[in-house]
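Engineer: Just so it is clear, I am handing over entry12.txt, which has compact mmCIF, C-alpha atoms.
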# COMPACT_ATOMS: atom_id res chain seq x y z
CA MET A 30 25.69 5.49 -36.58
CA ARG A 31 29.45 5.16 -36.56
CA SER A 32 30.86 2.15 -34.73
CA ILE A 33 33.43 2.76 -32.00
CA TRP A 34 34.50 -0.86 -31.49
CA ASN A 35 34.40 -4.03 -33.57
CA GLY A 36 34.45 -7.53 -32.10
CA ALA A 37 32.19 -10.46 -31.34
CA ILE A 38 29.78 -11.72 -28.69
CA SER A 39 30.91 -15.04 -27.23
CA PHE A 40 27.78 -17.04 -26.35
CA GLY A 41 29.13 -20.43 -25.32
CA LEU A 42 30.58 -21.85 -28.52
CA VAL A 43 28.55 -19.41 -30.60
CA SER A 44 30.35 -16.31 -31.88
CA ILE A 45 28.34 -13.33 -33.10
CA PRO A 46 30.24 -10.61 -35.00
CA ILE A 47 29.05 -7.20 -33.79
CA LYS A 48 29.78 -3.48 -33.97
CA LEU A 49 29.53 -1.29 -30.90
CA VAL A 50 27.79 2.07 -31.40
CA ASN A 51 26.82 4.74 -28.88
CA ALA A 52 23.17 4.53 -27.84
CA THR A 53 23.07 8.04 -26.39
CA GLU A 54 24.13 11.51 -27.45
CA SER A 55 24.69 14.76 -25.64
CA HIS A 56 22.79 17.91 -26.59
CA SER A 57 24.50 20.15 -24.07
CA ILE A 58 25.87 23.48 -25.29
CA SER A 59 29.63 23.75 -25.02
CA PHE A 60 31.56 26.99 -24.49
CA ARG A 61 34.99 28.17 -25.55
CA GLN A 62 37.42 29.93 -23.27
CA ILE A 63 38.27 33.45 -24.45
CA HIS A 64 40.37 36.41 -23.45
CA THR A 65 37.76 38.81 -22.02
CA GLU A 66 39.58 41.93 -23.27
CA ASP A 67 39.56 41.08 -26.98
CA ASN A 68 37.54 37.82 -27.28
CA GLY A 69 40.65 35.96 -28.42
CA ARG A 70 40.45 32.16 -28.12
CA ILE A 71 42.36 30.53 -25.28
CA ARG A 72 43.92 27.27 -26.42
CA TYR A 73 45.85 24.57 -24.65
CA ARG A 74 48.95 23.47 -26.47
CA LYS A 75 50.65 20.12 -25.96
CA VAL A 76 54.33 20.72 -25.45
CA CYS A 77 57.14 18.20 -25.02
CA GLU A 78 58.94 19.26 -21.83
CA LEU A 79 62.27 17.83 -23.06
CA GLU A 80 62.33 19.64 -26.39
CA ASP A 81 60.18 22.59 -25.26
CA ARG A 82 58.14 22.53 -28.45
CA GLU A 83 54.53 21.87 -29.41
CA VAL A 84 53.82 18.38 -30.74
CA SER A 85 50.99 17.12 -32.97
CA GLN A 86 48.47 14.43 -32.03
CA ALA A 87 50.25 11.93 -34.28
CA GLU A 88 53.35 12.23 -32.10
CA ILE A 89 51.54 11.51 -28.85
CA GLY A 90 51.42 8.01 -27.38
CA LYS A 91 50.72 6.26 -24.05
CA ALA A 92 53.09 5.37 -21.24
CA TYR A 93 52.99 4.17 -17.64
CA GLU A 94 54.99 6.11 -15.06
CA ASP A 95 56.57 3.84 -12.46
CA ALA A 96 56.87 4.79 -8.80
CA ASP A 97 60.47 5.91 -9.30
CA GLY A 98 59.52 8.13 -12.24
CA THR A 99 60.56 5.68 -14.97
CA ILE A 100 58.46 6.03 -18.14
CA ILE A 101 57.35 2.74 -19.71
CA PRO A 102 55.87 3.26 -23.22
CA ILE A 103 52.72 1.21 -24.04
CA THR A 104 51.69 0.97 -27.69
CA ASP A 105 48.33 0.13 -29.22
CA ASP A 106 49.89 -3.11 -30.44
CA ASP A 107 50.76 -4.02 -26.85
CA LEU A 108 47.16 -3.45 -25.80
CA SER A 109 45.75 -5.48 -28.69
CA HIS A 110 47.72 -8.52 -27.54
CA LEU A 111 46.62 -8.50 -23.92
CA PRO A 112 46.45 -12.09 -22.59
CA ILE A 113 42.71 -11.91 -21.82
CA PRO A 114 39.79 -13.38 -23.81
CA THR A 115 37.87 -10.10 -23.78
CA ALA A 116 40.40 -8.12 -25.84
CA ARG A 117 38.07 -8.21 -28.87
CA THR A 118 35.20 -10.21 -27.44
CA ILE A 119 32.14 -9.51 -25.35
CA GLU A 120 32.19 -12.70 -23.29
CA ILE A 121 28.84 -13.61 -21.72
CA VAL A 122 29.47 -15.16 -18.31
CA ALA A 123 25.94 -15.46 -16.84
CA PHE A 124 22.22 -14.79 -17.26
CA VAL A 125 20.38 -13.20 -14.32
CA PRO A 126 17.01 -11.48 -13.67
CA GLY A 127 17.11 -7.81 -14.54
CA ASP A 128 16.19 -6.69 -11.02
CA ARG A 129 19.42 -8.18 -9.73
CA ILE A 130 21.33 -5.28 -11.28
CA ASP A 131 21.69 -2.24 -9.06
CA PRO A 132 21.01 0.93 -11.11
CA LEU A 133 24.00 2.50 -9.33
CA GLN A 134 26.22 0.20 -11.37
CA MET A 135 24.88 1.29 -14.76
CA GLY A 136 27.04 3.48 -16.94
CA ALA A 137 27.26 4.27 -20.65
CA ALA A 138 24.79 2.60 -23.02
CA TYR A 139 25.62 1.07 -26.39
CA TYR A 140 23.80 -0.71 -29.20
CA LEU A 141 25.23 -3.96 -30.50
CA ALA A 142 24.78 -4.03 -34.27
CA ALA A 143 25.08 -7.31 -36.17
CA GLY A 144 28.34 -7.42 -38.13
CA GLY A 145 27.12 -8.49 -41.55
CA ALA A 146 24.75 -11.15 -42.89
CA PRO A 147 26.46 -14.14 -41.19
CA ALA A 148 25.73 -12.58 -37.81
CA ALA A 149 21.97 -12.19 -38.42
CA LYS A 150 20.86 -15.68 -37.28
CA PRO A 151 22.98 -16.01 -34.09
CA TYR A 152 22.18 -12.36 -33.23
CA THR A 153 18.44 -13.07 -33.54
CA LEU A 154 18.82 -16.29 -31.56
CA LEU A 155 20.43 -14.47 -28.61
CA ARG A 156 17.82 -11.70 -28.77
CA GLU A 157 14.87 -14.09 -28.69
CA ALA A 158 16.45 -16.20 -25.94
CA LEU A 159 16.81 -13.08 -23.79
CA LYS A 160 13.20 -12.12 -24.49
CA ARG A 161 11.78 -15.51 -23.58
CA SER A 162 13.83 -15.91 -20.42
CA ASN A 163 13.08 -12.38 -19.13
CA LYS A 164 16.71 -12.20 -18.11
CA VAL A 165 19.73 -10.08 -18.94
CA ALA A 166 23.19 -11.29 -19.89
CA ILE A 167 26.24 -10.33 -17.81
CA ALA A 168 29.37 -10.01 -19.90
CA LYS A 169 33.00 -8.93 -19.78
CA TYR A 170 34.65 -6.84 -22.48
CA ALA A 171 37.71 -4.65 -22.98
CA LEU A 172 37.37 -1.04 -24.11
CA ARG A 173 39.69 1.97 -23.96
CA GLY A 174 42.51 0.19 -22.21
CA ARG A 175 40.66 -1.67 -19.48
CA GLU A 176 38.42 -4.67 -18.93
CA ARG A 177 34.84 -3.76 -18.16
CA LEU A 178 31.60 -5.33 -17.01
CA GLY A 179 28.45 -5.08 -19.11
CA MET A 180 24.77 -6.01 -19.13
CA LEU A 181 23.04 -7.06 -22.36
CA ARG A 182 19.30 -6.58 -22.73
CA VAL A 183 16.74 -6.34 -25.52
CA ILE A 184 15.35 -2.99 -26.69
CA GLY A 185 12.85 -3.41 -29.50
CA ASP A 186 14.57 -5.62 -32.08
CA ALA A 187 18.09 -4.69 -30.99
CA ILE A 188 20.45 -5.83 -28.28
CA ALA A 189 21.76 -3.05 -26.08
CA MET A 190 24.66 -3.16 -23.65
CA HIS A 191 25.04 -1.06 -20.51
CA GLY A 192 28.49 -0.62 -19.13
CA LEU A 193 28.53 -1.61 -15.47
CA LEU A 194 30.78 -0.57 -12.65
CA TRP A 195 32.54 -3.38 -10.87
CA PRO A 196 30.85 -4.11 -7.52
CA ASP A 197 33.86 -2.79 -5.58
CA GLU A 198 33.55 0.54 -7.44
CA VAL A 199 30.17 1.32 -5.88
CA ARG A 200 30.46 2.99 -2.50
CA ALA A 201 28.38 1.88 0.45
CA PRO A 202 25.88 4.56 1.60
CA GLU A 203 27.41 4.81 5.04
CA GLY A 204 26.93 8.16 6.75
CA VAL A 205 24.50 9.38 4.08
CA ALA A 206 21.15 8.79 5.80
CA PRO A 207 20.27 11.03 8.77
CA ASP A 208 21.51 9.53 12.01
CA ALA A 209 18.81 11.20 14.12
CA HIS A 210 15.84 9.08 15.16
CA VAL A 211 12.74 10.21 13.27
CA THR A 212 9.17 9.00 13.75
CA ILE A 213 6.84 9.16 10.75
CA ARG A 214 3.12 9.18 11.50
CA ASP A 215 0.54 7.34 9.42
CA LYS A 216 -1.16 10.64 8.59
CA GLU A 217 2.08 11.96 7.09
CA LEU A 218 2.49 8.81 4.98
CA ASP A 219 -1.14 9.12 3.83
CA LEU A 220 -0.52 12.69 2.67
CA ALA A 221 2.71 11.66 0.93
CA ASP A 222 0.79 8.90 -0.87
CA ALA A 223 -1.90 11.41 -1.83
CA LEU A 224 0.73 13.75 -3.25
CA MET A 225 2.29 10.92 -5.25
CA ASP A 226 -1.11 9.91 -6.62
CA THR A 227 -1.98 13.51 -7.49
CA LEU A 228 1.27 14.10 -9.36
CA GLY A 229 0.67 10.79 -11.13
CA GLU A 230 2.82 9.48 -13.94
CA VAL A 231 4.54 11.29 -16.78
CA ASP A 232 5.46 10.38 -20.33
CA LEU A 233 9.24 10.75 -20.43
CA GLU A 234 8.94 11.86 -24.05
CA ASP A 235 7.27 15.04 -22.80
CA LEU A 236 10.26 16.04 -20.67
CA HIS A 237 12.93 18.29 -22.17
CA ASP A 238 15.96 20.32 -21.16
CA GLU A 239 14.55 23.74 -20.29
CA TYR A 240 17.98 25.02 -19.27
CA ARG A 241 19.38 24.33 -22.75
CA GLU A 242 16.38 26.01 -24.40
CA ALA A 243 16.79 29.11 -22.22
CA LEU A 244 20.51 29.18 -23.00
CA GLU A 245 19.77 29.01 -26.73
CA GLU A 246 17.44 32.01 -26.35
CA VAL A 247 20.17 33.98 -24.62
CA ILE A 248 22.70 33.12 -27.35
CA ALA A 249 20.23 34.03 -30.12
CA ALA A 250 19.43 37.37 -28.46
CA LYS A 251 23.11 38.23 -27.99
CA ALA A 252 23.88 37.27 -31.60
CA SER A 253 21.17 39.61 -32.91
CA GLY A 254 22.22 42.47 -30.63
CA GLU A 255 19.12 42.29 -28.49
CA ALA A 256 18.90 42.24 -24.73
CA PRO A 257 18.74 38.72 -23.34
CA PRO A 258 15.41 37.69 -21.84
CA GLU A 259 15.04 38.41 -18.15
CA ALA A 260 14.82 35.56 -15.70
CA PRO A 261 11.44 35.18 -13.97
CA GLU A 262 11.22 36.07 -10.33
CA PRO A 263 12.00 33.02 -8.20
CA ALA A 264 9.14 31.72 -6.11
CA ALA A 265 9.25 32.94 -2.55
CA GLY A 266 10.31 30.13 -0.30
CA GLY A 267 10.54 29.65 3.40
CA LYS A 268 11.56 27.17 5.99
CA VAL A 269 9.34 24.15 6.31
CA LEU A 270 8.34 24.30 9.95
CA ASP A 271 5.39 21.93 9.73
CA LEU A 272 5.75 18.82 7.54
CA MET A 273 2.04 18.10 7.62
CA ALA A 274 1.19 21.61 6.46
CA ALA A 275 3.78 21.39 3.67
CA LEU A 276 2.34 18.07 2.48
CA GLU A 277 -1.23 19.34 2.57
CA ASN A 278 -0.30 22.50 0.67
CA SER A 279 1.60 20.41 -1.89
CA VAL A 280 -1.40 18.15 -2.47
CA ARG A 281 -3.68 21.19 -2.80
CA ALA A 282 -1.35 22.93 -5.27
CA ALA A 283 -0.92 19.78 -7.36
CA ARG A 284 -4.68 19.30 -7.59
CA GLU A 285 -5.28 22.93 -8.47
CA SER A 286 -2.66 22.75 -11.23
CA ARG A 287 -4.58 19.83 -12.72
CA GLY A 288 -7.93 21.55 -12.34
CA GLU A 289 -9.08 19.05 -9.75
CA THR A 290 -10.97 19.61 -6.53
CA ALA A 291 -10.34 17.94 -3.21
CA PRO A 292 -12.39 14.76 -2.65
CA SER A 293 -15.09 14.69 -0.03
CA GLY A 294 -13.32 12.13 2.10
CA GLY A 295 -10.47 9.66 2.33
CA PRO A 296 -6.91 9.92 3.53
CA ALA A 297 -5.96 12.30 0.75
CA GLU A 298 -8.41 14.98 1.89
CA VAL A 299 -6.76 18.32 2.56
CA ARG A 300 -7.99 19.80 5.84
CA PRO A 301 -6.82 22.73 7.96
CA MET A 302 -4.08 21.87 10.41
CA PRO A 303 -5.13 21.62 14.08
CA ARG A 304 -3.75 24.11 16.57
CA ARG A 305 -0.59 23.50 18.50
CA ALA A 306 -0.38 21.80 21.90
CA ALA A 307 -0.48 25.07 23.96
CA PRO A 308 -3.89 26.25 22.69
CA LYS A 309 -5.23 22.72 23.17
CA ALA A 310 -4.06 22.76 26.79
CA ALA A 311 -5.76 26.13 27.42
CA GLY A 312 -8.98 24.90 25.85
CA GLY A 313 -8.76 21.76 27.95
CA LYS A 314 -8.59 23.78 31.16
CA LYS A 315 -11.72 25.70 30.22
CA SER A 316 -13.52 22.53 29.41
CA THR A 317 -12.43 20.94 32.70
CA SER A 318 -13.61 23.99 34.65
CA THR A 319 -16.96 23.90 32.92
CA ALA A 320 -17.25 20.20 33.60
CA LYS A 321 -16.51 20.78 37.27
CA LYS A 322 -19.18 23.48 37.45
CA THR A 323 -21.69 21.22 35.78
CA THR A 324 -20.87 18.31 38.10
CA THR A 325 -21.14 20.57 41.17
CA ALA A 326 -24.47 21.88 39.97
CA LYS A 327 -25.75 18.34 39.42
CA LYS A 328 -24.58 17.30 42.85
CA ALA A 329 -26.08 20.43 44.45
CA GLU A 330 -29.48 19.84 42.89
CA PRO A 331 -30.15 16.47 44.57
CA ALA A 332 -28.83 17.97 47.81
CA ARG A 333 -31.35 20.79 47.60
CA LYS A 334 -34.16 18.33 46.96
CA SER A 335 -33.09 16.19 49.86
CA THR A 336 -32.90 19.22 52.18
CA SER A 337 -36.31 20.39 51.05
CA LYS A 338 -37.86 17.00 51.73
CA THR A 339 -36.22 16.81 55.13
CA ALA A 340 -37.46 20.30 56.03
CA SER A 341 -40.96 19.39 54.96
CA LYS A 342 -40.96 16.24 57.03
CA THR A 343 -39.60 18.17 60.01
CA ALA A 344 -42.30 20.81 59.65
CA GLN A 345 -45.00 18.16 59.46
CA GLY A 346 -43.54 16.45 62.51
CA ALA A 347 -43.44 19.75 64.38
CA LYS A 348 -47.11 20.39 63.56
CA LYS A 349 -48.09 16.95 64.77
CA THR A 350 -46.13 17.45 67.97
CA ALA A 351 -47.68 20.87 68.55
CA ALA A 352 -51.16 19.46 67.92
CA ALA A 353 -50.50 16.62 70.32
CA LYS A 354 -49.26 18.99 72.99
CA SER A 355 -52.28 21.25 72.48
CA THR A 356 -54.66 18.32 72.82
CA ALA A 357 -52.88 17.08 75.92
CA THR A 358 -53.00 20.55 77.45
CA LYS A 359 -56.78 20.89 76.82
CA SER A 360 -57.43 17.49 78.29
CA THR A 361 -55.39 18.27 81.38
CA ALA A 362 -57.17 21.58 81.79
CA LYS A 363 -60.60 19.90 81.62
CA LYS A 364 -59.61 17.36 84.23
CA THR A 365 -58.26 20.05 86.51
CA ALA A 366 -61.43 22.12 86.16
CA ALA A 367 -63.56 19.11 86.95
CA LYS A 368 -61.65 18.43 90.12
CA LYS A 369 -61.77 22.05 91.33
CA THR A 370 -65.53 22.51 90.93
CA PRO A 371 -66.65 19.98 93.59
CA SER A 372 -64.14 21.33 96.08
CA ARG A 373 -65.60 24.79 95.64
CA LYS A 374 -69.07 23.37 96.26
CA ARG A 375 -67.93 21.63 99.46
CA THR A 376 -66.34 24.80 100.72
CA ALA A 377 -69.55 26.72 100.25
Would you write the structure of this file as structure tokens?
Structural biologist:
Amino acid sequence: MRSIWNGAISFGLVSIPIKLVNATESHSISFRQIHTEDNGRIRYRKVCELEDREVSQAEIGKAYEDADGTIIPITDDDLSHLPIPTARTIEIVAFVPGDRIDPLQMGAAYYLAAGGAPAAKPYTLLREALKRSNKVAIAKYALRGRERLGMLRVIGDAIAMHGLLWPDEVRAPEGVAPDAHVTIRDKELDLADALMDTLGEVDLEDLHDEYREALEEVIAAKASGEAPPEAPEPAAGGKVLDLMAALENSVRAARESRGETAPSGGPAEVRPMPRRAAPKAAGGKKSTSTAKKTTTAKKAEPARKSTSKTASKTAQGAKKTAAAKSTATKSTAKKTAAKKTPSRKRTA
């Protein structure tokens, strides 16, 4: 790998000669601008506005334009003599736990290669010290005309450096989150957890740029005079009106894609969604009416029994009274007959 910067790591009084090389590479497909009528290349030419002529790269330098329009030339020699210690040095200023670094600050990644045999021992010393401490080194360095912040960490047997944004270059997330009050139910969180567990983990080595592969197929087809492959029909989508239903369907689809079946129980079980509030209310009314009828029937039943008992007692009482009256009447009749008989005898 070709180095893009040569310097040294300053580790206290220890200096480690290093070479800076890019740790990443881009595989994106680049396009040229053309004239659509004849496929002629469109090029941008660098022209000096004072002489009105095109200039070569060797004739182009740097300058700072002042507020009043004054041009102040700045040469590479001027930049190499900047009065800062990081002009050709990666100066370590602190060691901190890795989780202290906000991923939003991370930028380009580089490998730090040891600059020759003399650098092998101090390079290895710094690497092993970082490993044992489980920390990362925070450093300052100058690259491409400005001082930058970096984070050094160990990858395998190498030391890597991530360019970091300065803290004041990271915007606060104000106004990004929804300002409406939202309530999340435990059931919704359970389904979200189930979806996360179902999707599981992935080996990042298995991921690839499908867009680039499809673009390569289109280019190959056009180059051979064939028709480019047709895009598949996009999946039909719709508005998510019910978050619970969307989560349950997502869990079901994820399990089916993995050839799994829904478990018999647990919070991750996918079950049909209950009906809305209106049908529940209607069902409730029916249930209440039925309950009322049942209660009335239960109340009516003891009432009937009580009435029946009362009627029976009344009938029995009436019979007794009638019997008593009948007896009294017979007795009175006998007495009356007894009294009348002697009087008839006396009259005779």
Engineer: In Å, rounded to a single decimal, give me how far CA of Ile58 (chain A) is from CA of Leu233 (chain A).
Structural biologist: 21.5 Å
Engineer: Would you pick out the contacts of region 146-160 of chain A at 9 Å or less, using all atoms listed in the file, so that residues sharing its chain but fewer than 4 positions from it are not included, and give the list as a count of residues only?
Structural biologist: 18
Engineer: Would you compute the distance between CA of Asn163 (chain A) and CA of Asp128 (chain A)? Give it in Å to one decimal.
Structural biologist: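 CA of Asp128 (chain A) lies at a distance of 10.4 Å from CA of Asn163 (chain A).
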Engineer: For each of A:Val211, A:Ala92, A:Ala37, A:Leu228, take the minimum atom-to-atom distance to Thr104 (chain A), counting only C-alpha atoms, then give the residue where this is smallest.
Structural biologist: A:Ala92
Engineer: Padding 5 Å on each side, edges along x, y and z: where is the centre of the box around the listed atoms of region 221-230 of chain A, and how long are its edges in Å to one decimal? Output it as lines of an AutoDock Vina configuration file.
Structural biologist:
center_x = 0.4
center_y = 11.5
center_z = -6.5
size_x = 14.8
size_y = 15.2
size_z = 24.9
Engineer: Using only C-alpha atoms, which of A:Thr227, A:Ala201, A:Ser55, A:Ala143 sits nearest Glu289 (chain A)?
Structural biologist: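 Closest to Glu289 (chain A), using only C-alpha atoms: A:Thr227.
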